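Have a look at my_file17.tsv below; it lists TSV, C-alpha atoms.
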chain	number	residue	atom	x	y	z
A	292	MET	CA	79.99	137.55	75.47
A	293	GLU	CA	81.92	138.72	78.53
A	294	PHE	CA	78.78	138.15	80.61
A	295	ASP	CA	78.61	134.52	79.43
A	296	ARG	CA	82.24	133.89	80.31
A	297	ILE	CA	81.70	135.04	83.89
A	298	GLN	CA	78.68	132.76	84.15
A	299	VAL	CA	80.81	129.83	82.92
A	300	ASP	CA	83.54	130.64	85.45
A	301	LYS	CA	80.94	130.85	88.21
A	302	ALA	CA	79.52	127.49	87.15
A	303	LEU	CA	82.98	125.90	87.09
A	304	MET	CA	83.79	127.26	90.54
A	305	ASN	CA	80.40	126.20	91.86
A	306	LEU	CA	80.95	122.68	90.53
A	307	ALA	CA	84.41	122.45	92.12
A	308	ILE	CA	83.06	123.56	95.51
A	309	GLU	CA	80.03	121.26	95.27
A	310	GLU	CA	82.08	118.23	94.20
A	311	THR	CA	84.57	118.76	97.04
A	312	LEU	CA	81.95	119.31	99.74
A	313	GLN	CA	79.59	116.57	98.51
A	314	GLY	CA	82.61	114.25	98.56
A	315	ILE	CA	82.91	114.96	102.28
A	316	GLY	CA	79.19	114.62	102.91
A	317	LYS	CA	75.76	115.92	102.03
A	318	GLY	CA	75.41	117.48	105.47
A	319	VAL	CA	78.70	119.33	105.14
A	320	PHE	CA	77.73	120.67	101.72
A	321	GLN	CA	74.40	121.96	103.02
A	322	GLN	CA	75.86	123.38	106.18
A	323	VAL	CA	78.60	125.31	104.41
A	324	GLY	CA	75.95	126.69	102.02
A	325	ASN	CA	73.67	127.66	104.88
A	326	LYS	CA	76.47	129.30	106.86
A	327	LEU	CA	77.56	131.24	103.78
A	328	TYR	CA	74.08	132.61	103.42
A	329	LYS	CA	73.48	133.20	107.10
A	330	LYS	CA	76.76	134.97	107.75
A	331	HIS	CA	77.51	136.71	104.45
A	332	ARG	CA	74.17	136.63	102.57
A	333	CYS	CA	76.08	134.87	99.82
A	334	TYR	CA	75.53	131.77	97.64
A	335	PHE	CA	78.28	129.50	96.31
A	336	VAL	CA	78.19	131.25	92.92
A	337	ASP	CA	78.92	134.58	94.62
A	338	CYS	CA	82.17	133.20	96.03
A	339	LEU	CA	83.91	133.96	92.75
A	340	GLU	CA	83.86	137.63	93.78
A	341	HIS	CA	84.19	136.84	97.51
A	342	PRO	CA	86.46	133.82	98.04
A	343	GLU	CA	87.22	135.13	101.55
A	344	TYR	CA	83.62	134.31	102.59
A	345	LEU	CA	84.10	130.65	101.69
A	346	SER	CA	87.48	130.53	103.46
A	347	ASP	CA	85.90	132.11	106.54
A	348	VAL	CA	83.04	129.58	106.72
A	349	LEU	CA	85.33	126.59	106.14
A	350	GLN	CA	87.71	127.90	108.81
A	351	GLU	CA	84.80	128.40	111.23
A	352	MET	CA	83.62	124.83	110.71
A	353	PHE	CA	86.82	122.83	110.29
A	354	GLY	CA	89.53	124.99	111.85
A	355	LYS	CA	93.02	124.21	110.63
A	356	ALA	CA	91.75	121.28	108.53
A	357	SER	CA	89.95	123.77	106.25
A	358	GLU	CA	93.31	124.21	104.46
A	359	SER	CA	92.96	120.69	103.02
A	360	ILE	CA	89.44	121.37	101.76
A	361	ILE	CA	90.57	124.64	100.17
A	362	GLU	CA	93.49	122.78	98.57
A	363	SER	CA	91.07	120.24	97.10
A	364	ILE	CA	88.88	123.01	95.57
A	365	ARG	CA	92.03	124.69	94.26
A	366	ASN	CA	93.24	121.47	92.60
A	367	LYS	CA	89.94	121.08	90.77
A	368	LEU	CA	90.13	124.60	89.38
A	369	VAL	CA	93.82	124.89	88.61
A	370	GLU	CA	93.36	123.83	84.95
A	371	PHE	CA	91.04	126.81	84.48
A	372	SER	CA	93.40	129.30	86.09
A	373	GLY	CA	93.92	130.85	82.66
A	374	ASN	CA	90.54	132.53	83.17
A	375	LYS	CA	91.17	135.79	85.03
A	376	PRO	CA	88.23	135.60	87.52
A	377	ILE	CA	89.14	132.02	88.47
A	378	SER	CA	92.80	132.93	88.78
A	379	LYS	CA	91.82	135.83	91.09
A	380	PHE	CA	89.56	133.48	93.07
A	381	LEU	CA	92.41	130.99	93.52
A	382	VAL	CA	94.81	133.70	94.65
A	383	HIS	CA	92.44	134.99	97.33
A	384	LEU	CA	90.97	131.65	98.46
A	385	GLY	CA	92.49	130.74	101.81
A	386	ASN	CA	94.52	133.95	102.10
B	104	MET	CA	108.49	127.82	112.18
B	105	THR	CA	105.47	128.87	114.24
B	106	SER	CA	104.95	132.61	114.53
B	107	VAL	CA	103.89	134.36	117.75
B	108	SER	CA	100.45	135.20	116.26
B	109	ASP	CA	99.96	131.51	115.35
B	110	LYS	CA	100.72	130.52	118.93
B	111	VAL	CA	98.37	133.19	120.31
B	112	GLY	CA	95.65	132.04	117.89
B	113	ARG	CA	96.13	128.38	118.86
B	114	ASN	CA	96.01	129.24	122.59
B	115	GLN	CA	92.83	131.22	122.00
B	116	ARG	CA	91.26	128.26	120.16
B	117	ILE	CA	92.22	125.86	122.97
B	118	HIS	CA	90.74	128.34	125.45
B	119	ASP	CA	87.51	128.51	123.41
B	120	THR	CA	87.21	124.71	123.34
B	121	LEU	CA	87.77	124.46	127.10
B	122	HIS	CA	85.26	127.25	127.68
B	123	LYS	CA	82.63	125.41	125.60
B	124	LEU	CA	83.38	122.21	127.52
B	125	LEU	CA	82.80	123.98	130.86
B	126	GLU	CA	79.54	125.45	129.53
B	127	GLN	CA	78.04	121.97	129.04
B	128	LYS	CA	75.91	121.95	132.19
B	129	TYR	CA	73.81	118.92	131.20
B	130	LEU	CA	76.95	116.93	130.45
B	131	LEU	CA	78.38	117.85	133.83
B	132	TYR	CA	75.12	116.99	135.64
B	133	SER	CA	74.96	113.63	133.82
B	134	LEU	CA	78.52	112.75	134.78
B	135	VAL	CA	78.08	113.76	138.42
B	136	ALA	CA	74.69	112.01	138.74
B	137	THR	CA	75.98	108.78	137.15
B	138	GLY	CA	79.11	108.68	139.30
B	139	PHE	CA	77.10	109.45	142.42
B	140	ALA	CA	74.46	106.78	141.62
B	141	ILE	CA	77.10	104.06	141.15
B	142	LEU	CA	78.91	105.05	144.34
B	143	VAL	CA	75.65	105.04	146.33
B	144	SER	CA	74.67	101.59	144.97
B	145	GLU	CA	78.19	100.36	145.75
B	146	SER	CA	77.93	101.61	149.34
B	147	ILE	CA	74.67	99.67	149.79
B	148	GLY	CA	76.27	96.40	148.76
B	149	LYS	CA	78.01	94.53	145.97
B	150	GLU	CA	74.85	92.80	144.77
B	151	VAL	CA	72.91	96.06	144.51
B	152	ALA	CA	75.84	97.69	142.72
B	153	THR	CA	76.06	94.82	140.22
B	154	THR	CA	72.34	94.80	139.45
B	155	PHE	CA	72.08	98.58	139.21
B	156	THR	CA	75.20	99.08	137.09
B	157	ASP	CA	74.51	96.17	134.71
B	158	TRP	CA	70.99	97.43	133.93
B	159	PHE	CA	72.07	101.06	133.84
B	160	PHE	CA	74.65	100.34	131.14
B	161	LEU	CA	71.86	99.41	128.70
B	162	PRO	CA	70.08	102.79	128.32
B	163	VAL	CA	73.38	104.68	128.50
B	164	SER	CA	75.05	102.65	125.71
B	165	GLY	CA	71.73	102.55	123.80
B	166	SER	CA	71.57	106.36	123.80
B	167	VAL	CA	74.79	106.48	121.76
B	168	VAL	CA	73.17	104.21	119.14
B	169	ILE	CA	70.00	106.33	118.98
B	170	ILE	CA	71.82	109.67	118.71
B	171	SER	CA	74.16	108.36	116.01
B	172	LEU	CA	71.15	107.05	114.04
B	173	VAL	CA	69.61	110.54	114.18
B	174	LEU	CA	72.95	111.95	113.11
B	175	LEU	CA	73.16	109.63	110.10
B	176	LYS	CA	69.63	110.60	109.08
B	177	ILE	CA	70.62	114.28	109.08
B	178	GLN	CA	74.04	113.70	107.46
B	179	GLY	CA	72.95	111.25	104.78
B	180	LEU	CA	74.84	108.23	103.50
B	181	ARG	CA	76.79	110.04	100.80
B	182	GLY	CA	80.41	111.08	101.03
B	183	SER	CA	83.22	110.17	103.34
B	184	HIS	CA	81.42	111.48	106.43
B	185	GLY	CA	78.24	109.53	105.60
B	186	LYS	CA	80.25	106.30	105.54
B	187	ALA	CA	82.12	107.40	108.67
B	188	TRP	CA	78.89	107.81	110.64
B	189	MET	CA	77.69	104.40	109.45
B	190	CYS	CA	80.84	102.92	110.99
B	191	PHE	CA	80.20	104.90	114.18
B	192	ILE	CA	76.72	103.34	114.37
B	193	ALA	CA	78.31	99.89	113.90
B	194	PHE	CA	80.70	100.70	116.77
B	195	ALA	CA	77.90	101.94	119.05
B	196	ALA	CA	75.70	98.93	118.15
B	197	CYS	CA	78.53	96.45	118.87
B	198	TRP	CA	79.10	97.92	122.31
B	199	PHE	CA	75.37	98.06	123.06
B	200	ILE	CA	75.06	94.35	122.14
B	201	ALA	CA	78.12	93.63	124.28
B	202	GLU	CA	76.55	95.42	127.28
B	203	THR	CA	73.31	93.49	126.75
B	204	LEU	CA	75.19	90.18	126.65
B	205	TRP	CA	77.21	91.13	129.76
B	206	THR	CA	74.03	91.96	131.67
B	207	SER	CA	72.15	88.85	130.54
B	208	ASN	CA	75.14	86.57	131.24
B	209	GLU	CA	75.54	87.95	134.76
B	210	LEU	CA	71.98	88.65	135.88
B	211	ILE	CA	69.85	86.21	133.87
B	212	PHE	CA	72.06	83.17	133.11
B	213	HIS	CA	74.29	83.67	136.17
B	214	THR	CA	77.45	82.89	134.20
B	215	LYS	CA	80.80	84.68	134.37
B	216	PRO	CA	80.56	87.81	132.18
B	217	PHE	CA	84.33	87.98	131.57
B	218	PRO	CA	85.61	86.34	129.43
B	219	SER	CA	82.38	85.71	127.52
B	220	ASN	CA	80.60	86.22	124.18
B	221	ALA	CA	80.27	89.91	125.14
B	222	ASP	CA	84.00	90.33	124.49
B	223	PHE	CA	83.54	89.45	120.83
B	224	PHE	CA	81.26	92.48	120.40
B	225	TYR	CA	83.39	94.79	122.56
B	226	LEU	CA	86.42	93.95	120.42
B	227	ALA	CA	84.44	94.17	117.16
B	228	GLY	CA	83.56	97.75	118.10
B	229	TYR	CA	87.19	98.90	117.95
B	230	PRO	CA	87.81	98.35	114.19
B	231	ALA	CA	84.46	100.02	113.49
B	232	TYR	CA	85.48	103.06	115.54
B	233	PHE	CA	88.91	103.13	113.91
B	234	VAL	CA	87.39	103.05	110.40
B	235	PHE	CA	84.95	105.81	111.46
B	236	ALA	CA	87.84	108.04	112.51
B	237	ILE	CA	89.87	107.28	109.36
B	238	LEU	CA	86.91	107.98	107.05
B	239	TYR	CA	86.12	111.20	108.90
B	240	LEU	CA	89.72	112.40	108.64
B	241	LYS	CA	90.18	111.20	105.03
B	242	PRO	CA	88.98	114.41	103.29
B	243	VAL	CA	91.49	116.47	105.30
B	244	LYS	CA	94.37	113.99	105.19
B	245	ASN	CA	96.64	116.53	103.47
B	246	SER	CA	96.64	118.59	106.67
B	247	ILE	CA	98.05	115.65	108.65
B	248	SER	CA	101.81	115.89	108.93
B	249	LYS	CA	104.20	113.04	109.76
B	250	ASN	CA	105.08	114.85	113.01
B	251	MET	CA	101.42	114.92	114.04
B	252	VAL	CA	101.11	111.15	113.47
B	253	LEU	CA	104.40	110.54	115.28
B	254	GLY	CA	103.32	112.72	118.23
B	255	ALA	CA	99.97	110.92	118.50
B	256	CYS	CA	101.69	107.51	118.35
B	257	ILE	CA	104.15	108.53	121.10
B	258	VAL	CA	101.31	109.73	123.38
B	259	SER	CA	99.38	106.49	122.77
B	260	ALA	CA	102.44	104.32	123.43
B	261	ALA	CA	103.21	106.27	126.62
B	262	ILE	CA	99.69	105.61	127.87
B	263	LEU	CA	99.86	101.93	126.91
B	264	ILE	CA	103.24	101.05	128.47
B	265	PRO	CA	102.18	101.15	132.18
B	266	ASN	CA	99.29	98.82	131.38
B	267	LEU	CA	101.46	96.29	129.55
B	268	TYR	CA	104.02	96.43	132.38
B	269	MET	CA	101.26	95.72	134.90
B	270	THR	CA	99.94	92.79	132.81
B	271	PHE	CA	103.28	91.05	132.30
B	272	ASP	CA	104.48	91.69	135.85
B	273	ASN	CA	101.58	90.04	137.67
B	274	ASN	CA	101.31	86.90	139.78
B	275	SER	CA	97.55	86.57	139.39
B	276	GLY	CA	95.75	83.25	139.55
B	277	GLU	CA	93.57	84.35	136.62
B	278	ASP	CA	93.88	82.08	133.58
B	279	LYS	CA	96.21	83.12	130.77
B	280	PHE	CA	93.42	83.65	128.22
B	281	ALA	CA	91.58	86.09	130.52
B	282	ILE	CA	94.81	88.00	131.20
B	283	ALA	CA	95.62	88.22	127.48
B	284	LEU	CA	92.05	89.26	126.66
B	285	GLY	CA	92.11	91.91	129.39
B	286	ALA	CA	95.36	93.30	127.97
B	287	THR	CA	93.86	93.48	124.46
B	288	TYR	CA	91.50	96.29	125.46
B	289	PRO	CA	94.10	98.91	126.46
B	290	ILE	CA	96.03	98.04	123.26
B	291	ALA	CA	92.88	98.61	121.19
B	292	ASP	CA	92.22	101.83	123.15
B	293	ALA	CA	95.75	103.03	122.38
B	294	ILE	CA	95.19	102.36	118.65
B	295	ILE	CA	91.93	104.35	118.50
B	296	LEU	CA	93.54	107.09	120.58
B	297	VAL	CA	95.82	107.97	117.64
B	298	PRO	CA	93.07	109.23	115.25
B	299	ALA	CA	91.25	110.87	118.19
B	300	LEU	CA	94.38	112.91	118.97
B	301	LEU	CA	94.81	113.77	115.29
B	302	GLY	CA	91.16	114.90	115.07
B	303	VAL	CA	91.49	117.28	118.02
B	304	THR	CA	94.70	118.77	116.59
B	305	LEU	CA	93.35	119.08	113.05
B	306	PHE	CA	89.98	120.64	113.78
B	307	LEU	CA	91.23	123.04	116.47
B	308	GLY	CA	89.29	126.28	116.15
B	309	GLY	CA	86.48	124.71	114.11
B	310	LYS	CA	82.95	123.90	115.23
B	311	VAL	CA	83.48	120.16	114.67
B	312	ASN	CA	86.41	120.28	117.10
B	313	PHE	CA	84.06	119.87	120.05
B	314	LEU	CA	82.98	116.45	118.76
B	315	TRP	CA	86.63	115.40	118.51
B	316	THR	CA	87.46	116.83	121.95
B	317	LEU	CA	84.70	114.68	123.43
B	318	MET	CA	85.78	111.66	121.33
B	319	LEU	CA	89.30	112.07	122.73
B	320	ILE	CA	88.05	112.38	126.32
B	321	GLY	CA	85.80	109.33	125.75
B	322	VAL	CA	88.70	107.23	124.49
B	323	LEU	CA	90.92	108.42	127.37
B	324	LEU	CA	88.20	107.44	129.85
B	325	ASN	CA	88.11	103.99	128.24
B	326	VAL	CA	91.88	103.73	128.62
B	327	VAL	CA	91.56	104.53	132.34
B	328	ALA	CA	88.59	102.16	132.72
B	329	ASP	CA	90.21	99.25	130.86
B	330	THR	CA	93.48	99.70	132.76
B	331	GLY	CA	91.53	99.78	136.03
B	332	PHE	CA	89.49	96.75	134.98
B	333	GLN	CA	92.68	94.84	134.17
B	334	TYR	CA	94.34	95.89	137.44
B	335	PHE	CA	91.39	94.88	139.64
B	336	SER	CA	90.78	91.69	137.65
B	337	LEU	CA	94.38	90.62	138.21
B	338	ASP	CA	93.90	91.55	141.86
B	339	ASP	CA	90.72	89.43	141.82
B	340	SER	CA	88.77	92.32	143.32
B	341	TYR	CA	86.73	93.41	140.29
B	342	TYR	CA	82.96	92.95	140.21
B	343	SER	CA	80.27	94.66	138.12
B	344	GLY	CA	79.40	97.91	139.84
B	345	HIS	CA	83.00	98.45	141.00
B	346	PRO	CA	83.79	102.22	141.07
B	347	VAL	CA	86.04	101.69	138.01
B	348	ASP	CA	82.82	101.14	136.01
B	349	ILE	CA	82.10	104.86	136.44
B	350	PHE	CA	84.76	105.55	133.81
B	351	PHE	CA	83.10	103.14	131.32
B	352	MET	CA	79.77	104.85	131.95
B	353	TRP	CA	81.27	108.32	131.57
B	354	ALA	CA	82.86	107.31	128.25
B	355	TYR	CA	79.40	106.40	126.86
B	356	ILE	CA	77.92	109.66	128.14
B	357	ILE	CA	80.77	111.66	126.59
B	358	PHE	CA	80.34	109.87	123.22
B	359	ALA	CA	76.58	110.53	123.34
B	360	PHE	CA	77.07	114.24	124.06
B	361	GLY	CA	79.71	114.51	121.33
B	362	ALA	CA	77.31	113.05	118.76
B	363	TYR	CA	74.48	115.21	120.13
B	364	ASP	CA	76.54	118.39	119.71
B	365	TYR	CA	77.13	117.39	116.09
B	366	VAL	CA	73.38	116.84	115.61
B	367	LYS	CA	72.78	120.35	117.01
B	368	ILE	CA	75.21	121.93	114.53
B	369	PHE	CA	73.45	120.30	111.58
B	370	ARG	CA	69.94	120.75	112.91
B	371	LYS	CA	70.53	124.49	113.21
B	372	SER	CA	71.58	124.66	109.60
B	373	LYS	CA	68.48	122.74	108.51
B	374	ASP	CA	66.35	125.51	110.02
B	375	GLU	CA	67.96	127.94	107.61
B	376	HIS	CA	65.85	127.30	104.51
B	377	ARG	CA	67.36	129.94	102.25
B	378	PHE	CA	70.10	127.63	101.06
B	379	VAL	CA	67.57	124.99	100.03
B	380	ASP	CA	66.06	127.64	97.75
B	381	GLN	CA	69.44	127.97	96.13
B	382	GLU	CA	69.46	124.26	95.29
B	383	LYS	CA	66.01	124.63	93.68
B	384	MET	CA	67.21	127.53	91.58
B	385	ARG	CA	69.38	125.27	89.41

Could you write out this file's structure as structure tokens?
Amino acid sequence: MEFDRIQVDKALMNLAIEETLQGIGKGVFQQVGNKLYKKHRCYFVDCLEHPEYLSDVLQEMFGKASESIIESIRNKLVEFSGNKPISKFLVHLGN
Amino acid sequence: MTSVSDKVGRNQRIHDTLHKLLEQKYLLYSLVATGFAILVSESIGKEVATTFTDWFFLPVSGSVVIISLVLLKIQGLRGSHGKAWMCFIAFAACWFIAETLWTSNELIFHTKPFPSNADFFYLAGYPAYFVFAILYLKPVKNSISKNMVLGACIVSAAILIPNLYMTFDNNSGEDKFAIALGATYPIADAIILVPALLGVTLFLGGKVNFLWTLMLIGVLLNVVADTGFQYFSLDDSYYSGHPVDIFFMWAYIIFAFGAYDYVKIFRKSKDEHRFVDQEKMR
């Protein structure tokens, strides 16, 4: 049961990231995904355990403006912050 | 309050951007070669300069259209940036059409190229560029502070004021419509300078910052060129191929290299196929 909950949290987080990045552009979504893999050998779903990887890639691409993108992902997930892994992800994302 | 480490980090990022700018050998060669070619043609004679410059504007402005089309193909139409790049293509296409009309008016129909139908397309390019910048900045609008907007507006106004002073303080024999039309360009440049300044500030330290640095330089070159054009037109000494045209040409080259750098960023990521596998895994 615990295993399933983590998968759900990963899916929710993945959806929030995808929706935010696809909203910016298909190219941006793909590039962030590629950079994540290239630099950290990590997929979007793995960012639940490693939010710092996502922050790093967004910072590398967008500089200071990455804060806005992180804020947008955060806003999409805030209603699920009752789930411990998501809450932990939100605390570490962008810090 | 900005901490010392923030300031050090910002200085480092500015240094990195300047370093990347100085590394662009092909950009530098293109700028030097273009400037040199116009000056050589100008030294031969006005007619040679006019013919050479008018024709030369076509491939240079056309290259911006081609590169932005490639960019849109890579980026896709979806999302804010997809729409932004469509507007950039509209801007580049308007100015390419304007250059074509200028050249045909002057060299084929032997009519006065300014004011002419070319101005309609030059001016139509400005709203397209402005919408491009707004759409590009839209996803990160929360990072834009009121002070940043105010600062950008002050810089733009400061650049615009000398031009307006020069326009209203002239005794030129040029007709009123031509003077007013000539003054419209620096005003439009000042308006598009605001988002360009915001872009450079916002994306400082990011890979996309280089595009915005070049966009800013391109707009600044247009400000210089349009102010020069207005000054020499009022003086009745402007002709196509005048050295002030070098700045117009450089602006196109800078825009083209900015878009090309963006293409390179995305092309590199397309080579990395692992992420595509991730999409298939769903």

Within 8 Å of chain B: residues of chain A, using only C-alpha atoms, as a list in words: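 Matching residues, ligands excluded from the count: Gln313, Gly314, Ile315, Gly316, Lys317, Gly318, Val319, Gln321, Gln322, Gly324, Asn325, Lys326, Tyr328, Lys329, Tyr334, Gln350, Glu351, Met352, Phe353, Gly354, Lys355, Ala356, Ser357, Glu358, Ser359 and Ile360 of chain A.
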
Selection: 10 Å around Phe371 (chain A), only C-alpha atoms, excl. self and same-chain fewer than 6 positions, as JSON, numbers by chain: {"A": [300, 303, 304, 377, 378]}

Test item: residues at most 8 Å from Lys301 (chain A), only C-alpha atoms, excluding those fewer than 4 positions along its chain, as a list in words: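 The contact residues come out as Ile297, Asn305, Val336, Asp337 and Leu339 of chain A.
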
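The point (81.6, 103.2, 113.9) has these residues within 7 Å of it when only C-alpha atoms are used: Ala187, Trp188, Met189, Cys190, Phe191, Ile192, Ala193, Phe194, Ala195, Ala231, Tyr232, Val234 and Phe235 of chain B.
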
Two-atom distance - CA of Glu145 (chain B), CA of Asp338 (chain B) (Å):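 Calculated distance between CA of Glu145 (chain B) and CA of Asp338 (chain B) is 18.4 Å.
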
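The spacing separating CA of Trp198 (chain B) from CA of Gly331 (chain B) amounts to 18.6 Å.
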
Length of the CA of Glu310 (chain A) to CA of His331 (chain A) vector [Å]: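 About the pair CA of Glu310 (chain A) and CA of His331 (chain A): they are 21.6 Å apart.
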
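Among the candidate residues A:Glu340, A:Lys367, A:Leu327, A:Ile361, the one lying nearest to Gln298 (chain A) is A:Glu340, with distances computed using all atoms listed in the file.
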
Ref. answer, residues at most 12 Å from (76.4, 92.5, 128.5) with only C-alpha atoms, as a PyMOL selection string: chain B and resi 153-154+156-161+164+197-225+343

For Ile257 (chain B): contacts at 12 Å, all atoms listed in the file, fewer than 4 positions along chain excluded, given as a list in words: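 Residues near the query, excluding close chain neighbours: Asn250, Met251, Val252, Leu253, Ala261, Ile262, Leu263, Ile264, Ala293, Ile294, Leu296, Val297 and Leu300 of chain B.
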
Reconstruct N, CA and C atoms of region 293-311 of chain B; output as a CSV table (one decimal), keeping the file's coordinate frame.
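Resulting contents of out_25.csv:
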chain,number,residue,atom,x,y,z
B,293,ALA,N,94.6,102.2,122.8
B,293,ALA,CA,95.8,103.0,122.4
B,293,ALA,C,95.7,103.2,120.9
B,294,ILE,N,95.3,102.2,120.1
B,294,ILE,CA,95.2,102.4,118.6
B,294,ILE,C,94.1,103.4,118.3
B,295,ILE,N,93.0,103.4,118.9
B,295,ILE,CA,91.9,104.4,118.5
B,295,ILE,C,92.2,105.7,119.1
B,296,LEU,N,93.2,105.8,120.0
B,296,LEU,CA,93.5,107.1,120.6
B,296,LEU,C,94.3,107.9,119.5
B,297,VAL,N,95.0,107.3,118.6
B,297,VAL,CA,95.8,108.0,117.6
B,297,VAL,C,94.9,108.9,116.7
B,298,PRO,N,93.9,108.3,116.1
B,298,PRO,CA,93.1,109.2,115.2
B,298,PRO,C,92.3,110.3,116.1
B,299,ALA,N,92.0,109.9,117.3
B,299,ALA,CA,91.2,110.9,118.2
B,299,ALA,C,92.1,112.1,118.5
B,300,LEU,N,93.4,111.8,118.7
B,300,LEU,CA,94.4,112.9,119.0
B,300,LEU,C,94.6,113.7,117.7
B,301,LEU,N,94.6,113.1,116.6
B,301,LEU,CA,94.8,113.8,115.3
B,301,LEU,C,93.6,114.7,115.0
B,302,GLY,N,92.4,114.1,115.3
B,302,GLY,CA,91.2,114.9,115.1
B,302,GLY,C,91.1,116.2,115.9
B,303,VAL,N,91.5,116.1,117.2
B,303,VAL,CA,91.5,117.3,118.0
B,303,VAL,C,92.5,118.3,117.5
B,304,THR,N,93.7,117.8,117.1
B,304,THR,CA,94.7,118.8,116.6
B,304,THR,C,94.3,119.4,115.3
B,305,LEU,N,93.7,118.6,114.4
B,305,LEU,CA,93.4,119.1,113.0
B,305,LEU,C,92.2,120.1,113.1
B,306,PHE,N,91.2,119.8,113.8
B,306,PHE,CA,90.0,120.6,113.8
B,306,PHE,C,90.0,121.8,114.8
B,307,LEU,N,91.1,122.0,115.4
B,307,LEU,CA,91.2,123.0,116.5
B,307,LEU,C,90.8,124.4,115.9
B,308,GLY,N,89.8,125.0,116.6
B,308,GLY,CA,89.3,126.3,116.2
B,308,GLY,C,88.0,126.1,115.3
B,309,GLY,N,87.7,124.9,114.9
B,309,GLY,CA,86.5,124.7,114.1
B,309,GLY,C,85.3,124.2,115.0
B,310,LYS,N,84.1,124.3,114.5
B,310,LYS,CA,83.0,123.9,115.2
B,310,LYS,C,83.0,122.4,115.5
B,311,VAL,N,83.5,121.6,114.5
B,311,VAL,CA,83.5,120.2,114.7
B,311,VAL,C,84.5,119.7,115.7
